[in-house]
file final.txt (compact mmCIF, C-alpha atoms and all ligand atoms)
# COMPACT_ATOMS: atom_id res chain seq x y z
CA MET A 556 90.28 -39.30 46.81
CA SER A 557 88.87 -41.14 43.85
CA ARG A 558 85.80 -39.96 42.03
CA ILE A 559 82.99 -42.26 40.99
CA ILE A 560 81.05 -40.72 38.11
CA VAL A 561 78.02 -42.28 36.44
CA ILE A 562 77.29 -41.41 32.81
CA THR A 563 73.59 -41.63 32.20
CA SER A 564 70.76 -40.22 30.08
CA GLY A 565 67.40 -41.90 30.43
CA LYS A 566 66.95 -42.12 26.69
CA GLY A 567 68.91 -44.71 24.77
CA GLY A 568 71.39 -44.16 21.98
CA VAL A 569 72.34 -40.58 22.87
CA GLY A 570 76.06 -41.26 23.29
CA LYS A 571 76.72 -42.53 26.84
CA THR A 572 79.09 -45.27 25.72
CA SER A 573 80.92 -43.04 23.23
CA VAL A 574 81.41 -40.38 25.90
CA THR A 575 82.57 -42.92 28.52
CA ALA A 576 85.17 -44.36 26.15
CA ASN A 577 86.56 -41.04 24.96
CA LEU A 578 86.41 -39.27 28.28
CA GLY A 579 88.13 -42.17 30.02
CA MET A 580 90.86 -42.13 27.41
CA ALA A 581 91.25 -38.36 27.69
CA LEU A 582 91.55 -38.49 31.49
CA ALA A 583 94.16 -41.26 31.25
CA ARG A 584 96.11 -39.14 28.79
CA LEU A 585 96.17 -36.41 31.42
CA GLY A 586 98.02 -38.91 33.61
CA ARG A 587 95.11 -40.15 35.69
CA LYS A 588 94.36 -43.73 36.67
CA VAL A 589 90.98 -44.50 35.20
CA ALA A 590 88.66 -47.51 35.48
CA LEU A 591 85.72 -47.74 33.09
CA VAL A 592 82.79 -49.87 34.24
CA ASP A 593 80.31 -51.20 31.74
CA ALA A 594 77.06 -51.32 33.71
CA ASP A 595 74.96 -52.18 30.67
CA PHE A 596 74.54 -55.84 31.60
CA GLY A 597 73.20 -57.99 28.81
CA LEU A 598 73.94 -55.34 26.17
CA ARG A 599 77.62 -54.75 26.72
CA ASN A 600 79.26 -52.44 24.20
CA LEU A 601 81.94 -50.43 25.92
CA ASP A 602 84.51 -53.19 25.20
CA LEU A 603 83.68 -52.97 21.50
CA ILE A 604 83.85 -49.18 21.28
CA LEU A 605 87.21 -49.29 23.08
CA GLY A 606 88.47 -52.06 20.81
CA LEU A 607 89.05 -54.39 23.78
CA GLU A 608 86.40 -56.98 22.96
CA ASN A 609 88.92 -59.77 22.23
CA ARG A 610 90.60 -59.46 25.58
CA VAL A 611 87.56 -59.89 27.83
CA VAL A 612 87.90 -63.02 29.98
CA TYR A 613 85.91 -62.40 33.14
CA THR A 614 83.19 -59.85 33.79
CA ALA A 615 81.69 -58.00 36.76
CA ILE A 616 79.32 -60.93 37.35
CA GLU A 617 82.13 -63.40 38.01
CA VAL A 618 83.70 -60.95 40.44
CA ILE A 619 80.42 -60.49 42.29
CA ALA A 620 79.85 -64.25 42.36
CA GLY A 621 83.33 -64.73 43.81
CA GLU A 622 84.44 -66.79 40.82
CA CYS A 623 87.45 -64.57 40.17
CA ARG A 624 89.33 -61.71 41.75
CA LEU A 625 88.56 -58.15 40.71
CA GLU A 626 92.05 -57.67 39.20
CA GLN A 627 91.55 -60.72 37.01
CA ALA A 628 88.47 -59.22 35.40
CA LEU A 629 90.07 -55.87 34.58
CA VAL A 630 91.19 -55.45 30.96
CA LYS A 631 94.22 -53.18 30.66
CA ASP A 632 94.37 -50.89 27.66
CA LYS A 633 97.69 -51.46 25.87
CA ARG A 634 97.54 -48.16 23.96
CA GLN A 635 96.98 -45.97 26.95
CA ALA A 636 98.64 -46.56 30.31
CA GLY A 637 96.42 -46.06 33.32
CA LEU A 638 93.19 -47.15 31.66
CA VAL A 639 91.31 -50.35 32.52
CA LEU A 640 87.88 -51.73 31.68
CA LEU A 641 85.61 -53.79 33.90
CA PRO A 642 83.37 -55.52 31.35
CA ALA A 643 79.68 -56.24 31.82
CA ALA A 644 78.24 -59.72 31.60
CA GLN A 645 76.71 -60.43 28.25
CA ASN A 646 74.56 -63.49 28.80
CA ARG A 647 73.43 -63.62 32.41
CA ASN A 648 70.22 -62.18 33.72
CA LYS A 649 70.80 -58.53 34.50
CA ASP A 650 68.41 -58.69 37.44
CA ALA A 651 70.80 -61.12 39.13
CA VAL A 652 72.79 -58.14 40.47
CA THR A 653 71.61 -55.80 43.21
CA PRO A 654 72.53 -52.15 43.78
CA THR A 655 74.31 -53.14 47.01
CA GLN A 656 76.51 -55.63 45.18
CA MET A 657 77.37 -53.06 42.51
CA LYS A 658 78.10 -50.45 45.13
CA ASP A 659 80.51 -52.77 46.96
CA LEU A 660 82.21 -53.80 43.74
CA ILE A 661 82.72 -50.25 42.48
CA SER A 662 83.81 -48.91 45.87
CA ASN A 663 86.43 -51.65 45.93
CA LEU A 664 87.62 -50.76 42.46
CA ALA A 665 87.78 -47.06 43.33
CA LYS A 666 90.49 -47.67 45.91
CA ASN A 667 93.11 -48.04 43.18
CA TYR A 668 91.94 -45.42 40.69
CA ASP A 669 91.56 -41.64 40.45
CA TYR A 670 88.40 -41.97 38.40
CA VAL A 671 85.77 -44.66 38.01
CA LEU A 672 83.44 -43.88 35.10
CA VAL A 673 80.28 -45.98 35.04
CA ASP A 674 78.56 -46.37 31.67
CA SER A 675 74.87 -46.66 32.57
CA PRO A 676 72.30 -48.50 30.47
CA ALA A 677 69.34 -46.57 29.06
CA GLY A 678 66.15 -46.40 31.10
CA ILE A 679 65.46 -45.88 34.78
CA GLU A 680 64.98 -49.48 35.84
CA THR A 681 67.22 -52.04 37.58
CA GLY A 682 70.25 -51.48 35.36
CA PHE A 683 70.14 -47.74 35.96
CA ARG A 684 69.71 -48.24 39.72
CA ASN A 685 72.76 -50.52 39.74
CA ALA A 686 74.80 -48.02 37.72
CA ILE A 687 74.11 -45.08 40.05
CA ALA A 688 74.45 -47.07 43.29
CA ALA A 689 78.07 -46.15 44.03
CA ALA A 690 78.25 -42.83 42.20
CA THR A 691 78.84 -39.51 43.90
CA GLU A 692 78.75 -37.52 40.68
CA ALA A 693 76.80 -37.79 37.44
CA LEU A 694 77.22 -36.66 33.87
CA ILE A 695 73.92 -36.44 32.05
CA ILE A 696 74.08 -36.91 28.30
CA THR A 697 71.38 -35.41 26.14
CA THR A 698 70.94 -34.56 22.48
CA PRO A 699 69.04 -31.54 21.13
CA GLU A 700 65.84 -33.53 20.73
CA VAL A 701 62.61 -33.31 22.70
CA ALA A 702 62.56 -36.91 23.94
CA ALA A 703 66.20 -36.86 25.06
CA VAL A 704 65.81 -33.54 26.90
CA ARG A 705 62.66 -34.65 28.65
CA ASP A 706 64.25 -37.93 29.76
CA ALA A 707 67.33 -36.05 30.95
CA ASP A 708 65.14 -33.96 33.22
CA ARG A 709 63.50 -37.07 34.65
CA VAL A 710 66.89 -38.58 35.37
CA VAL A 711 68.11 -35.41 37.09
CA GLY A 712 65.13 -35.70 39.44
CA LEU A 713 65.94 -39.34 40.20
CA LEU A 714 69.62 -38.58 40.82
CA GLU A 715 68.74 -35.74 43.17
CA ALA A 716 66.43 -38.08 45.07
CA HIS A 717 69.37 -40.47 45.30
CA GLU A 718 71.48 -37.74 46.96
CA ILE A 719 73.83 -37.37 43.98
CA LYS A 720 74.49 -33.66 44.21
CA THR A 721 77.14 -33.01 41.57
CA ILE A 722 75.25 -33.33 38.31
CA ARG A 723 76.55 -31.87 35.09
CA LEU A 724 75.29 -31.85 31.55
CA ILE A 725 76.85 -32.89 28.25
CA ILE A 726 75.00 -31.95 25.08
CA ASN A 727 75.91 -34.35 22.30
CA ARG A 728 75.27 -34.31 18.54
CA LEU A 729 74.74 -30.59 18.11
CA ARG A 730 74.29 -29.50 14.52
CA PRO A 731 75.12 -25.81 14.14
CA GLU A 732 73.58 -25.57 10.70
CA MET A 733 70.20 -26.77 11.97
CA ILE A 734 70.33 -24.42 14.95
CA ARG A 735 71.05 -21.55 12.63
CA GLN A 736 67.96 -22.43 10.65
CA ASN A 737 65.94 -22.61 13.86
CA GLU A 738 65.25 -26.28 13.35
CA MET A 739 67.15 -27.53 16.39
CA LEU A 740 67.28 -26.69 20.11
CA SER A 741 70.44 -24.73 20.90
CA MET A 742 72.75 -25.14 23.86
CA GLU A 743 71.10 -22.11 25.52
CA ASP A 744 67.61 -23.52 24.93
CA ILE A 745 68.52 -26.78 26.64
CA LEU A 746 70.22 -25.07 29.58
CA ASP A 747 67.12 -22.91 30.02
CA LEU A 748 64.97 -26.00 30.26
CA LEU A 749 67.17 -28.27 32.36
CA VAL A 750 68.89 -25.75 34.65
CA ILE A 751 71.93 -27.87 35.48
CA PRO A 752 75.54 -26.80 34.90
CA LEU A 753 77.04 -27.57 31.51
CA ILE A 754 80.36 -29.39 31.28
CA GLY A 755 80.59 -30.05 27.56
CA ILE A 756 79.17 -29.80 24.07
CA ILE A 757 79.97 -32.28 21.33
CA PRO A 758 79.17 -31.73 17.66
CA ASP A 759 77.43 -34.33 15.56
CA ASP A 760 80.34 -35.76 13.66
CA GLU A 761 80.73 -38.84 11.49
CA ARG A 762 84.26 -39.40 12.79
CA ILE A 763 82.68 -40.69 16.00
CA ILE A 764 81.07 -43.49 14.00
CA VAL A 765 84.28 -44.13 12.06
CA SER A 766 86.30 -44.37 15.27
CA SER A 767 83.77 -46.79 16.77
CA ASN A 768 84.06 -48.93 13.63
CA ARG A 769 87.76 -49.24 14.31
CA GLY A 770 87.53 -49.53 18.08
CA GLU A 771 89.84 -46.55 18.46
CA PRO A 772 88.42 -43.69 20.51
CA LEU A 773 88.83 -40.35 18.73
CA VAL A 774 91.04 -38.82 21.38
CA LEU A 775 93.75 -41.36 20.49
CA ASP A 776 93.91 -39.98 16.96
CA SER A 777 97.05 -37.95 16.32
CA LYS A 778 95.07 -35.69 13.98
CA PRO A 779 93.16 -33.18 16.10
CA SER A 780 89.41 -33.07 15.53
CA LEU A 781 86.61 -30.95 16.88
CA PRO A 782 84.83 -33.81 18.68
CA GLY A 783 88.19 -35.03 20.00
CA MET A 784 88.84 -31.56 21.42
CA ALA A 785 85.36 -31.56 22.91
CA PHE A 786 86.18 -34.72 24.90
CA GLU A 787 89.55 -33.37 25.98
CA ASN A 788 87.91 -30.18 27.19
CA ILE A 789 85.42 -32.14 29.28
CA ALA A 790 88.32 -34.04 30.86
CA LYS A 791 90.06 -30.78 31.71
CA ARG A 792 86.92 -29.31 33.25
CA LEU A 793 86.47 -32.46 35.34
CA GLU A 794 90.01 -31.88 36.53
CA GLY A 795 88.92 -28.52 37.85
CA LYS A 796 89.91 -26.31 34.93
CA GLU A 797 86.50 -24.70 34.74
CA GLU A 798 87.91 -21.82 32.72
CA VAL A 799 88.39 -23.95 29.59
CA PRO A 800 86.10 -22.20 27.09
CA PHE A 801 83.34 -24.09 25.31
CA LEU A 802 83.92 -24.81 21.64
CA ASP A 803 82.36 -22.24 19.38
CA LEU A 804 80.60 -24.76 17.19
CA MET A 805 78.65 -22.06 15.41
CA ALA A 806 81.87 -20.42 14.25
CA HIS A 807 83.57 -23.66 13.28
CA ASN A 808 80.68 -24.63 11.11
CA ASP A 809 80.73 -21.45 9.11
CA ASN A 810 80.12 -21.17 5.44
CA LEU A 811 79.97 -18.45 2.85
CA ILE A 812 76.23 -17.85 2.99
CA ASN A 813 76.31 -17.43 6.75
CA ARG A 814 79.16 -15.00 6.53
CA ILE A 815 77.31 -12.93 3.94
CA ARG A 816 74.28 -13.04 6.16
CA ARG A 817 76.20 -11.72 9.14
CA LEU A 818 77.75 -9.03 7.03
CA PHE A 819 74.32 -7.60 6.36
CA LYS A 820 73.35 -7.91 10.00
CA GLY A 821 76.24 -5.57 10.74
CA MET B 268 65.68 -3.97 5.55
CA ILE B 269 68.08 -5.74 3.24
CA ASN B 270 68.68 -8.22 6.02
CA GLU B 271 64.99 -8.97 6.21
CA LEU B 272 64.92 -9.52 2.50
CA ILE B 273 67.72 -12.03 2.71
CA GLU B 274 66.08 -13.76 5.64
CA ARG B 275 62.88 -14.13 3.70
CA LEU B 276 64.69 -15.17 0.57
CA PHE B 277 66.37 -18.05 2.33
CA ASN B 278 63.45 -18.67 4.66
CA TRP B 279 65.63 -18.17 7.70
CA SER B 280 63.27 -16.40 9.99
CA ASN B 281 60.34 -18.77 9.83
CA THR B 282 58.15 -17.47 12.62
CA ASN B 283 56.91 -20.79 13.93
CA SER B 284 60.17 -22.68 13.83
CA SER B 285 60.41 -26.26 15.05
CA ARG B 286 63.02 -25.05 17.53
CA ASP B 287 60.54 -22.72 19.26
CA GLU B 288 57.88 -25.38 19.08
CA ALA B 289 60.22 -27.89 20.73
CA LYS B 290 61.06 -25.45 23.50
CA ARG B 291 57.44 -24.55 24.18
CA ARG B 292 56.33 -28.19 24.33
CA LEU B 293 59.27 -29.24 26.49
CA LYS B 294 58.60 -26.46 28.96
CA LEU B 295 55.11 -27.78 29.59
CA VAL B 296 55.89 -31.46 29.67
CA ILE B 297 58.89 -30.97 31.97
CA ALA B 298 56.81 -28.90 34.39
CA HIS B 299 54.26 -31.70 34.55
CA ASP B 300 56.95 -34.38 34.92
CA ARG B 301 58.61 -32.50 37.76
CA ALA B 302 55.39 -32.09 39.67
CA GLY B 303 54.36 -35.67 39.01
CA ILE B 304 50.93 -34.44 38.01
CA SER B 305 49.03 -35.64 34.98
CA PRO B 306 47.07 -33.28 32.73
CA GLU B 307 43.87 -35.06 33.84
CA MET B 308 44.66 -34.28 37.46
CA ILE B 309 45.24 -30.64 36.56
CA GLU B 310 41.90 -30.48 34.81
CA SER B 311 39.92 -32.01 37.66
CA MET B 312 41.71 -29.71 40.11
CA ARG B 313 40.75 -26.74 37.98
CA GLN B 314 37.13 -27.88 37.88
CA GLU B 315 36.90 -28.34 41.63
CA ILE B 316 38.59 -25.07 42.49
CA LEU B 317 36.38 -23.31 39.98
CA GLU B 318 33.29 -24.81 41.63
CA VAL B 319 34.29 -23.41 44.99
CA ILE B 320 35.09 -19.99 43.64
CA ALA B 321 31.90 -19.88 41.60
CA ARG B 322 29.91 -20.06 44.84
CA TYR B 323 31.17 -16.63 45.79
CA LEU B 324 32.24 -14.94 42.61
CA GLU B 325 31.15 -14.82 39.05
CA ILE B 326 34.11 -15.94 37.00
CA ASP B 327 34.82 -15.27 33.38
CA GLN B 328 35.00 -18.95 32.40
CA ASP B 329 36.64 -18.35 29.05
CA GLU B 330 39.48 -16.32 30.47
CA THR B 331 40.63 -18.63 33.25
CA GLU B 332 44.23 -19.78 33.32
CA PHE B 333 45.43 -22.75 35.28
CA THR B 334 48.90 -24.01 34.53
CA LEU B 335 52.02 -25.52 35.97
CA GLU B 336 55.14 -23.56 35.30
CA SER B 337 58.73 -24.45 35.98
CA ASP B 338 61.56 -22.12 36.59
CA GLN B 339 65.00 -22.82 38.05
CA ARG B 340 63.83 -26.29 39.07
CA ILE B 341 60.93 -24.93 41.12
CA THR B 342 57.47 -25.77 39.87
CA ALA B 343 54.50 -23.57 40.70
CA LEU B 344 50.82 -23.72 40.01
CA TYR B 345 49.54 -20.53 38.45
CA ALA B 346 45.83 -19.85 38.63
CA ASN B 347 44.15 -16.83 37.16
CA PHE B 348 40.36 -16.49 37.49
CA PRO B 349 39.20 -13.10 36.23
CA ILE B 350 36.22 -11.93 38.31
CA ARG B 351 33.12 -10.59 36.59
CA LYS B 352 31.37 -9.62 39.81
CA VAL B 353 31.02 -10.56 43.43
CA LYS B 354 27.85 -12.44 44.26
CA ARG B 355 26.61 -10.06 46.96
CA GLN B 356 23.45 -11.93 47.80
CA LYS B 357 25.09 -15.28 48.18
CA LEU B 358 27.52 -13.76 50.67
CA LEU B 359 24.71 -12.34 52.79
CA VAL B 360 22.82 -15.59 52.82
CA ARG B 361 25.96 -17.40 53.90
CA ASP B 362 26.55 -14.99 56.76
CA GLU B 363 23.06 -15.50 58.07
CA GLU B 364 23.42 -19.24 57.83
CA SER B 365 26.58 -19.22 59.87
CA GLU B 366 24.99 -16.98 62.46
CA THR B 367 22.00 -19.23 62.95
CA THR B 368 24.25 -22.23 63.39
CA LYS B 369 26.22 -20.38 66.02
CA THR B 370 23.27 -19.64 68.26
N1 LIG C 1 78.53 -36.79 18.41
C1 LIG C 1 78.17 -37.82 17.62
N2 LIG C 1 78.19 -37.69 16.28
C2 LIG C 1 77.84 -38.74 15.49
N3 LIG C 1 77.44 -39.91 15.95
C3 LIG C 1 77.40 -40.11 17.27
C4 LIG C 1 77.76 -39.08 18.19
N4 LIG C 1 77.61 -39.56 19.45
C5 LIG C 1 77.19 -40.83 19.33
N5 LIG C 1 77.06 -41.17 18.02
C6 LIG C 1 76.59 -42.45 17.50
O1 LIG C 1 75.32 -42.73 18.07
C7 LIG C 1 75.16 -44.10 18.34
C8 LIG C 1 74.82 -44.34 19.79
O2 LIG C 1 75.92 -43.97 20.58
P1 LIG C 1 76.26 -44.71 21.94
O3 LIG C 1 76.28 -46.17 21.76
O4 LIG C 1 77.46 -44.05 22.51
O5 LIG C 1 74.97 -44.30 22.78
P2 LIG C 1 74.46 -44.89 24.17
O6 LIG C 1 73.77 -43.78 24.87
O7 LIG C 1 75.55 -45.57 24.87
O8 LIG C 1 73.39 -45.98 23.69
P3 LIG C 1 72.64 -47.07 24.61
O9 LIG C 1 71.56 -46.33 25.33
O10 LIG C 1 72.12 -48.07 23.64
O11 LIG C 1 73.68 -47.63 25.54
C9 LIG C 1 76.46 -44.77 17.90
O12 LIG C 1 76.30 -45.28 16.63
C10 LIG C 1 77.46 -43.62 17.91
O13 LIG C 1 78.50 -43.83 17.00
MG MG C 2 75.67 -47.57 25.69
call {"tool": "encode", "arguments": {"input": "final.txt", "output": "structure tokens", "more": "lines below"}}
Ligand SMILES: Nc1ncnc2c1ncn2[C@@H]1O[C@H](COP(=O)(O)OP(=O)(O)OP(=O)(O)O)[C@@H](O)[C@H]1O
Ligand SMILES: [Mg+2]
result
Amino acid sequence: MSRIIVITSGKGGVGKTSVTANLGMALARLGRKVALVDADFGLRNLDLILGLENRVVYTAIEVIAGECRLEQALVKDKRQAGLVLLPAAQNRNKDAVTPTQMKDLISNLAKNYDYVLVDSPAGIETGFRNAIAAATEALIITTPEVAAVRDADRVVGLLEAHEIKTIRLIINRLRPEMIRQNEMLSMEDILDLLVIPLIGIIPDDERIIVSSNRGEPLVLDSKPSLPGMAFENIAKRLEGKEEVPFLDLMAHNDNLINRIRRLFKG
Amino acid sequence: MINELIERLFNWSNTNSSRDEAKRRLKLVIAHDRAGISPEMIESMRQEILEVIARYLEIDQDETEFTLESDQRITALYANFPIRKVKRQKLLVRDEESETTKT
């Protein structure tokens, strides 16, 4: 049974594409067959973050229009076996596609893969409706900021109305130092507000920007990194290993002053 | 004691932190979003309900509470109208009125 998972957020720029790329890579490294679908028509980026932009020939639009076969549009990742990308159209009108067409396309794709991850565009309009059309599960991305958390809650409501029952939360760009100073919402704060199960936390880390510069998702890096581990942990939890503990970001981001402070707290 | 001193020294325990502020504001706005009710709607609902209640009871206007609250994805409307006193006379008049209409 293949799983179709939409990655969405409401608010833009919170990390949907970065998570899709890294999570897809991590799942493929666990031996799964993974198809990544860029549903951000008109603003396609997943190809760029994955470093596959030069190999895009056809896109989802040509497949839907019957101008090419589905297999022809899929871009195989040469670094990681089992990973393919279905690119989004860049220049055609995004309203040209309907949720039914997307649903058929993705259901077709799912036949040959263990996972289909759909990178949703920001917002709750047509593009979002297309992205969620085939999904049976959703990963909501939020950051510890008021606008992102509010939008995440809106999206949860819309997904529930759309009968998507398995909804889990990823909190991206956490900054332990700011939480410690009470200047940022913590993981617990956000869970209190949103009341959906958590599947991952990702620290704010410049290596994510560096890896996107190079088009090499962090999880491919031979040097282990905290954000890389965060993605790998999410992949494991998706695979049913719910017992994988959450990263202790507060401990990892420790410094002398904080240790002194705790010493006095006893 | 010494901990408090350190906290104050480094301004760690600022009482009205932006984190608390964010949480408080989100709680409200999310409750409203979930119910699909605008603050204006809440206010006119409060006014109308208050009008009805004021026919029977004397309400402490300054102490009324009327808010949406969300908890575990269930949103509820909480109303609290502290009563100053029951309007005895009004009640009697009403009873008589209803009796006359009955006959
Ligand atoms: N954990 C992180 N630490 C540092 N930077 C990050 C992190 N996550 C994402 N970013 C950066 O934030 C920016 C937005 O990320 P991304 O494109 O993945 O978001 P998005 O939700 O897909 O945006 P859009 O809504 O436009 O599709 C990028 O520059 C990315 O490198
Ligand atoms: Mg994106």
call {"tool": "residues_around", "arguments": {"input": "final.txt", "residues": "range 329-340 of chain B", "least_positions_apart": "6", "cutoff": "10 Å", "atoms": "all atoms listed in the file", "output": "list in words"}}
result
Asp708, Gly712, Asp747, Leu748, Leu749, Val750 and Ile751 of chain A; Lys294, Leu295, Val296, Ile297, Ala298, His299, Arg301, Ala302, Ile304, Pro306, Ile309, Glu310, Met312, Arg313, Leu317, Ala346, Asn347, Phe348, Pro349 and Ile350 of chain B
call {"tool": "closest_residue", "arguments": {"input": "final.txt", "among": "A:Asn788, A:Ser777, A:Asn600, A:Thr653", "to": "ligand MG 2 (chain C)", "atoms": "only C-alpha atoms and all ligand atoms"}}
result
A:Asn600
call {"tool": "atom_distance", "arguments": {"input": "final.txt", "atom1": "CA of Ile722 in chain A", "atom2": "CA of Asn685 in chain A"}}
result
17.4 Å
call {"tool": "residues_near_ligand", "arguments": {"input": "final.txt", "ligand": "ligand LIG 1 (chain C)", "cutoff": "10 Å", "atoms": "only C-alpha atoms and all ligand atoms", "output": "ChimeraX atom specification"}}
result
/A:562-577,593-595,598-601,604,674-678,696-698,726-730,756-768,782-783,785
call {"tool": "closest_atom_pairs", "arguments": {"input": "final.txt", "of": "chain A", "to": "chain B", "cutoff": "8 Å", "atoms": "only C-alpha atoms", "output": "Markdown table"}}
result
| residue | atom | partner | partner_atom | distance |
| --- | --- | --- | --- | --- |
| A:Glu700 | CA | B:Ala289 | CA | 8.0 |
| A:Val701 | CA | B:Ala289 | CA | 6.2 |
| A:Val704 | CA | B:Leu293 | CA | 7.8 |
| A:Arg705 | CA | B:Ile297 | CA | 6.2 |
| A:Asp708 | CA | B:Ile297 | CA | 7.0 |
| A:Arg709 | CA | B:Asp300 | CA | 7.1 |
| A:Gly712 | CA | B:Arg301 | CA | 7.5 |
| A:Ile734 | CA | B:Arg286 | CA | 7.8 |
| A:Gln736 | CA | B:Trp279 | CA | 5.7 |
| A:Asn737 | CA | B:Arg286 | CA | 5.3 |
| A:Glu738 | CA | B:Arg286 | CA | 4.9 |
| A:Met739 | CA | B:Arg286 | CA | 5.0 |
| A:Leu740 | CA | B:Arg286 | CA | 5.2 |
| A:Asp744 | CA | B:Lys290 | CA | 7.0 |
| A:Leu748 | CA | B:Lys294 | CA | 6.5 |
| A:Leu749 | CA | B:Arg340 | CA | 7.8 |
| A:Val750 | CA | B:Gln339 | CA | 5.9 |
| A:Arg816 | CA | B:Asn270 | CA | 7.4 |
| A:Phe819 | CA | B:Asn270 | CA | 5.7 |
| A:Lys820 | CA | B:Asn270 | CA | 6.1 |
call {"tool": "residues_around", "arguments": {"input": "final.txt", "residues": "Gly637 in chain A", "least_positions_apart": "2", "cutoff": "6 Å", "atoms": "only C-alpha atoms", "output": "PyMOL selection string"}}
result
chain A and resi 583+588-589
call {"tool": "closest_residue", "arguments": {"input": "final.txt", "among": "A:Val774, A:Ala703, A:Ala686, A:Met805", "to": "Arg735 in chain A", "atoms": "all atoms listed in the file"}}
result
A:Met805
call {"tool": "residues_around", "arguments": {"input": "final.txt", "residues": "Val561 in chain A", "least_positions_apart": "2", "cutoff": "9 Å", "atoms": "only C-alpha atoms", "output": "MDAnalysis selection string"}}
result
chainID A and resid 559 563 671:675 686:687 689:695
call {"tool": "atom_distance", "arguments": {"input": "final.txt", "atom1": "CA of Leu640 in chain A", "atom2": "CA of Val592 in chain A"}}
result
6.0 Å
call {"tool": "atom_distance", "arguments": {"input": "final.txt", "atom1": "CA of Glu794 in chain A", "atom2": "CA of Val639 in chain A"}}
result
18.9 Å
call {"tool": "residues_around", "arguments": {"input": "final.txt", "residues": "Ala651 in chain A", "least_positions_apart": "2", "cutoff": "12 Å", "atoms": "all atoms listed in the file", "output": "ChimeraX atom specification"}}
result
/A:596-597,615-617,619-620,644,646-649,653-657,681-682,685
call {"tool": "write_last_selection", "arguments": {"input": "final.txt", "atoms": "C-alpha atoms", "output": "PDB file, in the frame of the given file"}}
result
ATOM      1  CA  PHE A 596      74.540 -55.840  31.600  1.00  0.00           C
ATOM      2  CA  GLY A 597      73.200 -57.990  28.810  1.00  0.00           C
ATOM      3  CA  ALA A 615      81.690 -58.000  36.760  1.00  0.00           C
ATOM      4  CA  ILE A 616      79.320 -60.930  37.350  1.00  0.00           C
ATOM      5  CA  GLU A 617      82.130 -63.400  38.010  1.00  0.00           C
ATOM      6  CA  ILE A 619      80.420 -60.490  42.290  1.00  0.00           C
ATOM      7  CA  ALA A 620      79.850 -64.250  42.360  1.00  0.00           C
ATOM      8  CA  ALA A 644      78.240 -59.720  31.600  1.00  0.00           C
ATOM      9  CA  ASN A 646      74.560 -63.490  28.800  1.00  0.00           C
ATOM     10  CA  ARG A 647      73.430 -63.620  32.410  1.00  0.00           C
ATOM     11  CA  ASN A 648      70.220 -62.180  33.720  1.00  0.00           C
ATOM     12  CA  LYS A 649      70.800 -58.530  34.500  1.00  0.00           C
ATOM     13  CA  THR A 653      71.610 -55.800  43.210  1.00  0.00           C
ATOM     14  CA  PRO A 654      72.530 -52.150  43.780  1.00  0.00           C
ATOM     15  CA  THR A 655      74.310 -53.140  47.010  1.00  0.00           C
ATOM     16  CA  GLN A 656      76.510 -55.630  45.180  1.00  0.00           C
ATOM     17  CA  MET A 657      77.370 -53.060  42.510  1.00  0.00           C
ATOM     18  CA  THR A 681      67.220 -52.040  37.580  1.00  0.00           C
ATOM     19  CA  GLY A 682      70.250 -51.480  35.360  1.00  0.00           C
ATOM     20  CA  ASN A 685      72.760 -50.520  39.740  1.00  0.00           C
TER      21      ASN A 685
END
